[in-house]
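> Input structure: structure.cif, which contains mmCIF, C-alpha atoms.
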```cif
data_structure
loop_
_atom_site.group_PDB
_atom_site.id
_atom_site.type_symbol
_atom_site.label_atom_id
_atom_site.label_comp_id
_atom_site.auth_asym_id
_atom_site.auth_seq_id
_atom_site.Cartn_x
_atom_site.Cartn_y
_atom_site.Cartn_z
ATOM 1 C CA MET A 3 0.000 0.000 0.000
ATOM 2 C CA PRO A 4 1.724 3.246 -1.123
ATOM 3 C CA THR A 5 1.756 5.936 1.567
ATOM 4 C CA LYS A 6 3.165 9.442 1.818
ATOM 5 C CA THR A 7 4.060 11.955 4.482
ATOM 6 C CA LEU A 8 3.098 15.374 3.169
ATOM 7 C CA HIS A 9 3.232 19.054 4.069
ATOM 8 C CA ILE A 10 0.278 21.204 3.055
ATOM 9 C CA PRO A 11 0.608 24.999 2.789
ATOM 10 C CA THR A 12 -2.018 26.787 4.887
ATOM 11 C CA ALA A 13 -2.691 30.365 5.925
ATOM 12 C CA ASP A 14 -0.905 29.644 9.212
ATOM 13 C CA GLY A 15 2.050 27.552 8.075
ATOM 14 C CA GLN A 16 2.570 23.963 6.951
ATOM 15 C CA ALA A 17 0.215 21.168 8.001
ATOM 16 C CA ASP A 18 1.822 17.762 8.073
ATOM 17 C CA ALA A 19 -0.387 14.959 6.780
ATOM 18 C CA PHE A 20 -0.496 11.265 5.956
ATOM 19 C CA ALA A 21 -1.811 9.961 2.647
ATOM 20 C CA ALA A 22 -2.665 6.414 1.575
ATOM 21 C CA LEU A 23 -3.027 5.542 -2.114
ATOM 22 C CA PRO A 24 -4.424 2.540 -3.968
ATOM 23 C CA ASP A 25 -1.934 -0.013 -5.240
ATOM 24 C CA ALA A 26 -3.291 0.202 -8.771
ATOM 25 C CA GLY A 27 -2.119 3.763 -9.332
ATOM 26 C CA GLY A 28 -3.769 6.227 -11.672
ATOM 27 C CA ARG A 29 -6.134 9.013 -10.684
ATOM 28 C CA ARG A 30 -8.646 8.157 -7.949
ATOM 29 C CA PRO A 31 -11.370 10.017 -6.034
ATOM 30 C CA ALA A 32 -10.156 11.676 -2.855
ATOM 31 C CA VAL A 33 -11.379 11.296 0.703
ATOM 32 C CA LEU A 34 -10.347 13.870 3.298
ATOM 33 C CA MET A 35 -10.295 11.965 6.597
ATOM 34 C CA TYR A 36 -10.274 14.057 9.758
ATOM 35 C CA PRO A 37 -8.877 12.150 12.760
ATOM 36 C CA ASP A 38 -10.230 12.122 16.283
ATOM 37 C CA GLY A 39 -8.590 14.229 18.968
ATOM 38 C CA PHE A 40 -5.776 11.716 19.466
ATOM 39 C CA GLY A 41 -4.590 12.538 15.959
ATOM 40 C CA ILE A 42 -2.489 10.695 13.404
ATOM 41 C CA ARG A 43 -1.166 7.417 14.831
ATOM 42 C CA PRO A 44 -0.944 3.762 13.750
ATOM 43 C CA ALA A 45 -4.684 3.098 14.202
ATOM 44 C CA LEU A 46 -5.591 6.038 11.930
ATOM 45 C CA ARG A 47 -2.977 5.104 9.359
ATOM 46 C CA GLN A 48 -4.395 1.590 9.271
ATOM 47 C CA MET A 49 -7.909 2.937 8.674
ATOM 48 C CA ALA A 50 -6.681 5.218 5.896
ATOM 49 C CA CYS A 51 -4.878 2.320 4.227
ATOM 50 C CA GLU A 52 -7.949 0.109 4.475
ATOM 51 C CA LEU A 53 -10.062 2.760 2.796
ATOM 52 C CA ALA A 54 -7.422 3.285 0.110
ATOM 53 C CA GLU A 55 -7.624 -0.430 -0.704
ATOM 54 C CA HIS A 56 -11.124 0.292 -2.008
ATOM 55 C CA GLY A 57 -9.748 2.694 -4.609
ATOM 56 C CA TYR A 58 -9.571 6.070 -2.854
ATOM 57 C CA TYR A 59 -6.782 8.581 -2.253
ATOM 58 C CA VAL A 60 -7.087 9.176 1.489
ATOM 59 C CA LEU A 61 -5.628 12.291 3.119
ATOM 60 C CA VAL A 62 -5.360 12.489 6.925
ATOM 61 C CA PRO A 63 -4.182 15.921 8.123
ATOM 62 C CA ASN A 64 -2.633 16.760 11.464
ATOM 63 C CA ILE A 65 -5.465 19.032 12.587
ATOM 64 C CA PHE A 66 -3.362 20.529 15.388
ATOM 65 C CA TYR A 67 -0.319 21.334 13.246
ATOM 66 C CA ARG A 68 -0.157 24.860 14.719
ATOM 67 C CA HIS A 69 1.167 23.222 17.893
ATOM 68 C CA GLY A 70 3.756 21.109 16.067
ATOM 69 C CA PRO A 71 4.052 18.009 13.850
ATOM 70 C CA ALA A 72 2.364 14.730 14.734
ATOM 71 C CA PRO A 73 2.626 13.043 17.133
ATOM 72 C CA LEU A 74 2.073 16.060 19.353
ATOM 73 C CA ILE A 75 1.966 14.055 22.551
ATOM 74 C CA GLU A 76 3.244 10.660 23.528
ATOM 75 C CA LEU A 77 0.458 8.093 23.306
ATOM 76 C CA PRO A 78 0.519 4.569 24.679
ATOM 77 C CA GLU A 79 0.086 1.704 22.250
ATOM 78 C CA HIS A 80 -3.340 1.150 23.797
ATOM 79 C CA ILE A 81 -5.235 4.191 25.113
ATOM 80 C CA GLY A 82 -6.954 2.764 28.169
ATOM 81 C CA ASP A 83 -9.361 4.560 30.446
ATOM 82 C CA GLU A 84 -6.674 5.051 33.069
ATOM 83 C CA ALA A 85 -4.508 7.021 30.613
ATOM 84 C CA ARG A 86 -7.246 9.293 29.257
ATOM 85 C CA PRO A 87 -7.246 12.019 31.974
ATOM 86 C CA ALA A 88 -3.562 12.799 31.532
ATOM 87 C CA ILE A 89 -3.836 12.653 27.731
ATOM 88 C CA PHE A 90 -6.833 14.982 27.627
ATOM 89 C CA ALA A 91 -5.106 17.408 29.983
ATOM 90 C CA GLU A 92 -2.586 17.881 27.165
ATOM 91 C CA LEU A 93 -5.101 17.749 24.299
ATOM 92 C CA MET A 94 -7.854 20.025 25.566
ATOM 93 C CA PRO A 95 -5.936 23.301 25.163
ATOM 94 C CA MET A 96 -5.358 22.386 21.492
ATOM 95 C CA ILE A 97 -8.966 21.353 20.971
ATOM 96 C CA GLU A 98 -10.273 24.532 22.583
ATOM 97 C CA THR A 99 -8.162 26.782 20.351
ATOM 98 C CA HIS A 100 -9.208 24.966 17.175
ATOM 99 C CA THR A 101 -12.095 27.280 16.312
ATOM 100 C CA ALA A 102 -14.607 26.945 13.488
ATOM 101 C CA GLU A 103 -12.687 29.690 11.691
ATOM 102 C CA ARG A 104 -9.494 27.656 11.855
ATOM 103 C CA THR A 105 -11.329 24.568 10.622
ATOM 104 C CA LEU A 106 -12.639 26.431 7.585
ATOM 105 C CA SER A 107 -9.322 28.084 6.787
ATOM 106 C CA ASP A 108 -7.575 24.719 6.930
ATOM 107 C CA ALA A 109 -10.325 23.016 4.928
ATOM 108 C CA ASP A 110 -9.740 25.495 2.115
ATOM 109 C CA ALA A 111 -6.066 24.514 2.118
ATOM 110 C CA TYR A 112 -6.694 20.759 2.282
ATOM 111 C CA LEU A 113 -9.213 20.780 -0.557
ATOM 112 C CA ARG A 114 -7.032 23.059 -2.678
ATOM 113 C CA PHE A 115 -4.087 20.720 -2.081
ATOM 114 C CA LEU A 116 -6.110 17.712 -3.250
ATOM 115 C CA THR A 117 -6.848 19.423 -6.578
ATOM 116 C CA THR A 118 -3.087 19.650 -7.240
ATOM 117 C CA GLN A 119 -2.236 15.994 -6.616
ATOM 118 C CA PRO A 120 -1.515 13.945 -9.742
ATOM 119 C CA GLU A 121 -3.032 10.820 -8.146
ATOM 120 C CA VAL A 122 -6.396 12.541 -7.489
ATOM 121 C CA SER A 123 -9.107 12.558 -10.109
ATOM 122 C CA THR A 124 -10.916 15.746 -11.026
ATOM 123 C CA GLY A 125 -14.381 16.295 -9.621
ATOM 124 C CA PRO A 126 -15.893 16.153 -6.156
ATOM 125 C CA VAL A 127 -14.405 14.652 -3.004
ATOM 126 C CA ALA A 128 -15.722 13.068 0.167
ATOM 127 C CA VAL A 129 -15.032 14.104 3.749
ATOM 128 C CA THR A 130 -15.227 11.838 6.767
ATOM 129 C CA GLY A 131 -14.280 12.306 10.400
ATOM 130 C CA TYR A 132 -14.212 10.799 13.866
ATOM 131 C CA CYS A 133 -15.071 12.510 17.154
ATOM 132 C CA ILE A 134 -14.101 16.183 16.751
ATOM 133 C CA GLY A 135 -13.081 15.307 13.191
ATOM 134 C CA GLY A 136 -16.705 14.538 12.382
ATOM 135 C CA LEU A 137 -17.671 18.087 13.303
ATOM 136 C CA MET A 138 -14.839 19.351 11.098
ATOM 137 C CA ALA A 139 -16.171 17.198 8.258
ATOM 138 C CA VAL A 140 -19.620 18.795 8.599
ATOM 139 C CA ARG A 141 -18.139 22.289 8.644
ATOM 140 C CA THR A 142 -16.039 21.499 5.573
ATOM 141 C CA ALA A 143 -18.982 20.101 3.618
ATOM 142 C CA ALA A 144 -21.237 23.039 4.536
ATOM 143 C CA ALA A 145 -18.609 25.537 3.379
ATOM 144 C CA HIS A 146 -17.855 23.707 0.092
ATOM 145 C CA PRO A 147 -21.185 22.450 -1.268
ATOM 146 C CA GLY A 148 -19.892 22.411 -4.827
ATOM 147 C CA GLN A 149 -16.818 20.339 -4.059
ATOM 148 C CA VAL A 150 -17.925 17.866 -1.362
ATOM 149 C CA ALA A 151 -20.251 15.128 -2.601
ATOM 150 C CA ALA A 152 -20.365 12.990 0.554
ATOM 151 C CA VAL A 153 -19.780 13.532 4.251
ATOM 152 C CA ALA A 154 -19.687 11.024 7.106
ATOM 153 C CA GLY A 155 -19.209 11.470 10.839
ATOM 154 C CA PHE A 156 -18.755 8.776 13.472
ATOM 155 C CA HIS A 157 -19.181 9.170 17.237
ATOM 156 C CA ALA A 158 -19.038 12.887 16.473
ATOM 157 C CA PRO A 159 -20.843 16.046 17.647
ATOM 158 C CA VAL A 160 -22.128 16.607 14.128
ATOM 159 C CA GLY A 161 -24.924 18.938 15.200
ATOM 160 C CA ALA A 162 -22.843 21.101 17.526
ATOM 161 C CA ASP A 163 -23.009 24.164 15.260
ATOM 162 C CA GLY A 164 -26.801 24.026 15.103
ATOM 163 C CA PRO A 165 -29.325 24.035 12.281
ATOM 164 C CA ASP A 166 -27.770 26.983 10.433
ATOM 165 C CA VAL A 167 -24.737 24.902 9.432
ATOM 166 C CA LEU A 168 -26.671 21.671 8.914
ATOM 167 C CA SER A 169 -29.099 23.450 6.596
ATOM 168 C CA LYS A 170 -26.196 24.367 4.277
ATOM 169 C CA LEU A 171 -25.300 20.735 3.605
ATOM 170 C CA THR A 172 -25.923 19.457 0.084
ATOM 171 C CA ALA A 173 -23.688 16.365 0.165
ATOM 172 C CA GLN A 174 -25.071 12.919 0.844
ATOM 173 C CA LEU A 175 -24.617 12.124 4.533
ATOM 174 C CA HIS A 176 -24.103 9.295 6.939
ATOM 175 C CA PHE A 177 -23.898 9.891 10.680
ATOM 176 C CA GLY A 178 -23.064 6.927 12.907
ATOM 177 C CA HIS A 179 -23.721 7.875 16.522
ATOM 178 C CA ALA A 180 -22.458 6.148 19.642
ATOM 179 C CA GLU A 181 -25.285 5.014 21.868
ATOM 180 C CA GLY A 182 -23.498 6.679 24.773
ATOM 181 C CA ASP A 183 -23.199 10.035 22.969
ATOM 182 C CA ILE A 184 -26.759 10.924 22.008
ATOM 183 C CA THR A 185 -30.196 10.456 23.498
ATOM 184 C CA PRO A 186 -33.106 9.197 21.364
ATOM 185 C CA GLU A 187 -34.689 12.633 21.758
ATOM 186 C CA ALA A 188 -31.600 14.474 20.539
ATOM 187 C CA HIS A 189 -31.246 12.007 17.656
ATOM 188 C CA LYS A 190 -34.849 12.641 16.623
ATOM 189 C CA GLU A 191 -34.271 16.403 16.742
ATOM 190 C CA LEU A 192 -31.142 16.094 14.581
ATOM 191 C CA ASN A 193 -32.970 13.982 12.018
ATOM 192 C CA GLU A 194 -35.835 16.468 11.912
ATOM 193 C CA ILE A 195 -33.364 19.216 11.026
ATOM 194 C CA LEU A 196 -31.895 17.040 8.268
ATOM 195 C CA ASN A 197 -35.378 16.225 6.983
ATOM 196 C CA ALA A 198 -36.215 19.910 6.790
ATOM 197 C CA SER A 199 -33.034 20.611 4.831
ATOM 198 C CA GLY A 200 -34.014 18.110 2.139
ATOM 199 C CA VAL A 201 -30.574 16.504 2.127
ATOM 200 C CA SER A 202 -30.141 12.783 1.380
ATOM 201 C CA TYR A 203 -28.931 11.159 4.592
ATOM 202 C CA THR A 204 -28.804 8.251 6.984
ATOM 203 C CA SER A 205 -28.363 8.933 10.686
ATOM 204 C CA GLU A 206 -28.394 6.059 13.120
ATOM 205 C CA ILE A 207 -27.356 5.075 16.601
ATOM 206 C CA TYR A 208 -25.026 2.095 16.553
ATOM 207 C CA PRO A 209 -26.323 -0.248 19.264
ATOM 208 C CA GLY A 210 -24.170 -1.097 22.242
ATOM 209 C CA THR A 211 -21.520 1.534 21.490
ATOM 210 C CA ILE A 212 -19.734 4.219 23.447
ATOM 211 C CA HIS A 213 -17.783 7.221 22.249
ATOM 212 C CA GLY A 214 -14.787 6.199 20.127
ATOM 213 C CA PHE A 215 -16.133 2.826 19.010
ATOM 214 C CA THR A 216 -14.190 2.807 15.711
ATOM 215 C CA MET A 217 -10.788 3.228 17.319
ATOM 216 C CA SER A 218 -8.995 -0.106 17.709
ATOM 217 C CA ASP A 219 -6.389 1.316 20.095
ATOM 218 C CA THR A 220 -8.892 2.401 22.772
ATOM 219 C CA ASP A 221 -11.100 0.731 25.373
ATOM 220 C CA ALA A 222 -14.129 2.034 23.471
ATOM 221 C CA PHE A 223 -13.404 -0.170 20.446
ATOM 222 C CA ASN A 224 -16.299 -2.261 19.184
ATOM 223 C CA PRO A 225 -15.354 -4.574 16.266
ATOM 224 C CA ALA A 226 -18.947 -5.097 15.114
ATOM 225 C CA ALA A 227 -19.565 -1.357 15.098
ATOM 226 C CA LEU A 228 -16.340 -0.739 13.180
ATOM 227 C CA GLN A 229 -17.531 -3.162 10.496
ATOM 228 C CA ARG A 230 -20.909 -1.429 10.400
ATOM 229 C CA HIS A 231 -19.032 1.855 9.948
ATOM 230 C CA TRP A 232 -17.138 0.405 6.963
ATOM 231 C CA ASP A 233 -20.332 -0.963 5.429
ATOM 232 C CA ARG A 234 -22.074 2.401 5.710
ATOM 233 C CA LEU A 235 -19.088 4.465 4.606
ATOM 234 C CA LEU A 236 -18.301 2.336 1.555
ATOM 235 C CA PHE A 237 -21.964 2.316 0.520
ATOM 236 C CA LEU A 238 -22.023 6.129 0.761
ATOM 237 C CA LEU A 239 -18.814 6.492 -1.241
ATOM 238 C CA GLY A 240 -19.953 3.974 -3.828
ATOM 239 C CA ASN A 241 -23.078 6.056 -4.429
ATOM 240 C CA THR A 242 -21.245 9.374 -4.717
ATOM 241 C CA LEU A 243 -17.642 8.692 -5.773
ATOM 242 C CA PRO A 244 -17.486 5.410 -7.679
ATOM 243 C CA THR A 245 -13.959 4.226 -8.327
ATOM 244 C CA SER A 246 -14.648 2.548 -11.666
#
```
What would the structure in this file look like if it were written as structure tokens?

Amino acid sequence: MPTKTLHIPTADGQADAFAALPDAGGRRPAVLMYPDGFGIRPALRQMACELAEHGYYVLVPNIFYRHGPAPLIELPEHIGDEARPAIFAELMPMIETHTAERTLSDADAYLRFLTTQPEVSTGPVAVTGYCIGGLMAVRTAAAHPGQVAAVAGFHAPVGADGPDVLSKLTAQLHFGHAEGDITPEAHKELNEILNASGVSYTSEIYPGTIHGFTMSDTDAFNPAALQRHWDRLLFLLGNTLPTS
């Protein structure tokens, strides 16, 4: 599986990034994959490579590049519950300074970069994200309706910006919520907003899951839910960005 370490020019410097490419070569549709708060690490690289095996150019940016190149903090091989308080004590200042304005400025740079890559086909892209990355994916899709054809968010606060942002979405959507993250009432309210917007979407609570269920290096990992995530994501991409 070909991979690259890249540096993307942004308004605030150079964002380091990881890219995974299909073995077959040629020009392929691009997927911008926003990581969770733990950032680029082996588990995320593995997910990017798995998606690339299905024929996509997958770009994973270091969303906190303003604080330095990835890895920004030392992470254990397995992020257990006992390690999370100390890790989040280091991460939260970065998360809190990553405003919507920064997300949108960086999204402009990431999408512009993808248009210059010889391995990326012309036309629309998809954006997916995990945890805080899912919110970034929504913001990116809302700001670039002509360029983003599909958006997916998993165990993510996708509705955090309210109906004004959600109503701007034109891409096809899939939201996979952790059962521990959203109440049935809040899920119903989110879906009502999406219904009113007229966008094509699926939004479902993955049963028996807690926040972070896709991440194989955490205690939250749920293998069945990860497979469900792949099934839903690949179906969405197949409908919007076919690789053949």
> Counting only C-alpha atoms, which residue out of A:Lys6, A:His146, A:Arg30, A:His157 sits closest to Met217 of chain A?
A:His157
> Write out as a short mmCIF file (atom, residue, chain, number, x, y, z; two decimals) with C-alpha atoms, keeping the file's coordinate frame the residues lying within 8 Å of Leu168 of chain A, counting all atoms listed in the file and excluding same-chain residues fewer than 4 positions away.

```cif
data_model
loop_
_atom_site.label_atom_id
_atom_site.label_comp_id
_atom_site.auth_asym_id
_atom_site.auth_seq_id
_atom_site.Cartn_x
_atom_site.Cartn_y
_atom_site.Cartn_z
CA VAL A 140 -19.62 18.80 8.60
CA ALA A 144 -21.24 23.04 4.54
CA GLY A 161 -24.92 18.94 15.20
CA ASP A 163 -23.01 24.16 15.26
CA GLY A 164 -26.80 24.03 15.10
CA ILE A 195 -33.36 19.22 11.03
CA LEU A 196 -31.90 17.04 8.27
CA SER A 199 -33.03 20.61 4.83
#
```
> Calculated over all atoms listed in the file, which of the candidates A:Ile10, A:Met3, A:Asp18, A:Met94 has the smallest distance to Ala54 of chain A?
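Of A:Ile10, A:Met3, A:Asp18, A:Met94, the one nearest Ala54 of chain A, counting all atoms listed in the file, is A:Met3.
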> Would you compute an axis-aligned box for segment 217-234 of chain A, covering every atom listed for it in the file with 8 Å of margin on each side, and report centre and edge lengths in Å to one decimal as JSON?

```
{"center_x": -14.2, "center_y": -0.9, "center_z": 15.4, "size_x": 31.7, "size_y": 24.3, "size_z": 35.9}
```
> Could you list, as a list in words, every residue within 7 Å of Thr7 of chain A, counting all atoms listed in the file and ignoring same-chain residues fewer than 2 positions away?
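Within the cut-off, the hits are Ala19, Phe20 and Ala21 of chain A.
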> Of the candidates A:Ala173, A:Ala85, A:Leu77, A:Val127, which one gets nearest to Leu61 of chain A if we count only C-alpha atoms?
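Once distances to Leu61 of chain A are computed over only C-alpha atoms, the minimum belongs to A:Val127.
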> Would you write out, as number ranges by chain, every residue that the PyMOL selection byres ((chain A and resi 65-72) around 12) captures in this file?
A: 7-20, 34-44, 61-64, 73-77, 92-101, 104-109, 111-112, 131, 134-135, 138-139
> For atom CA of Thr211 of chain A and atom CA of Ile184 of chain A, determine how far apart the two atoms are, in Å to one decimal place.
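Between atom CA of Thr211 of chain A and atom CA of Ile184 of chain A the gap works out to 10.8 Å.
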> Tell me which of A:Ala226, A:Cys133, A:Ala151, A:Ile207 sits closest to Pro244 of chain A, counting only C-alpha atoms.
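Once distances to Pro244 of chain A are computed over only C-alpha atoms, the minimum belongs to A:Ala151.
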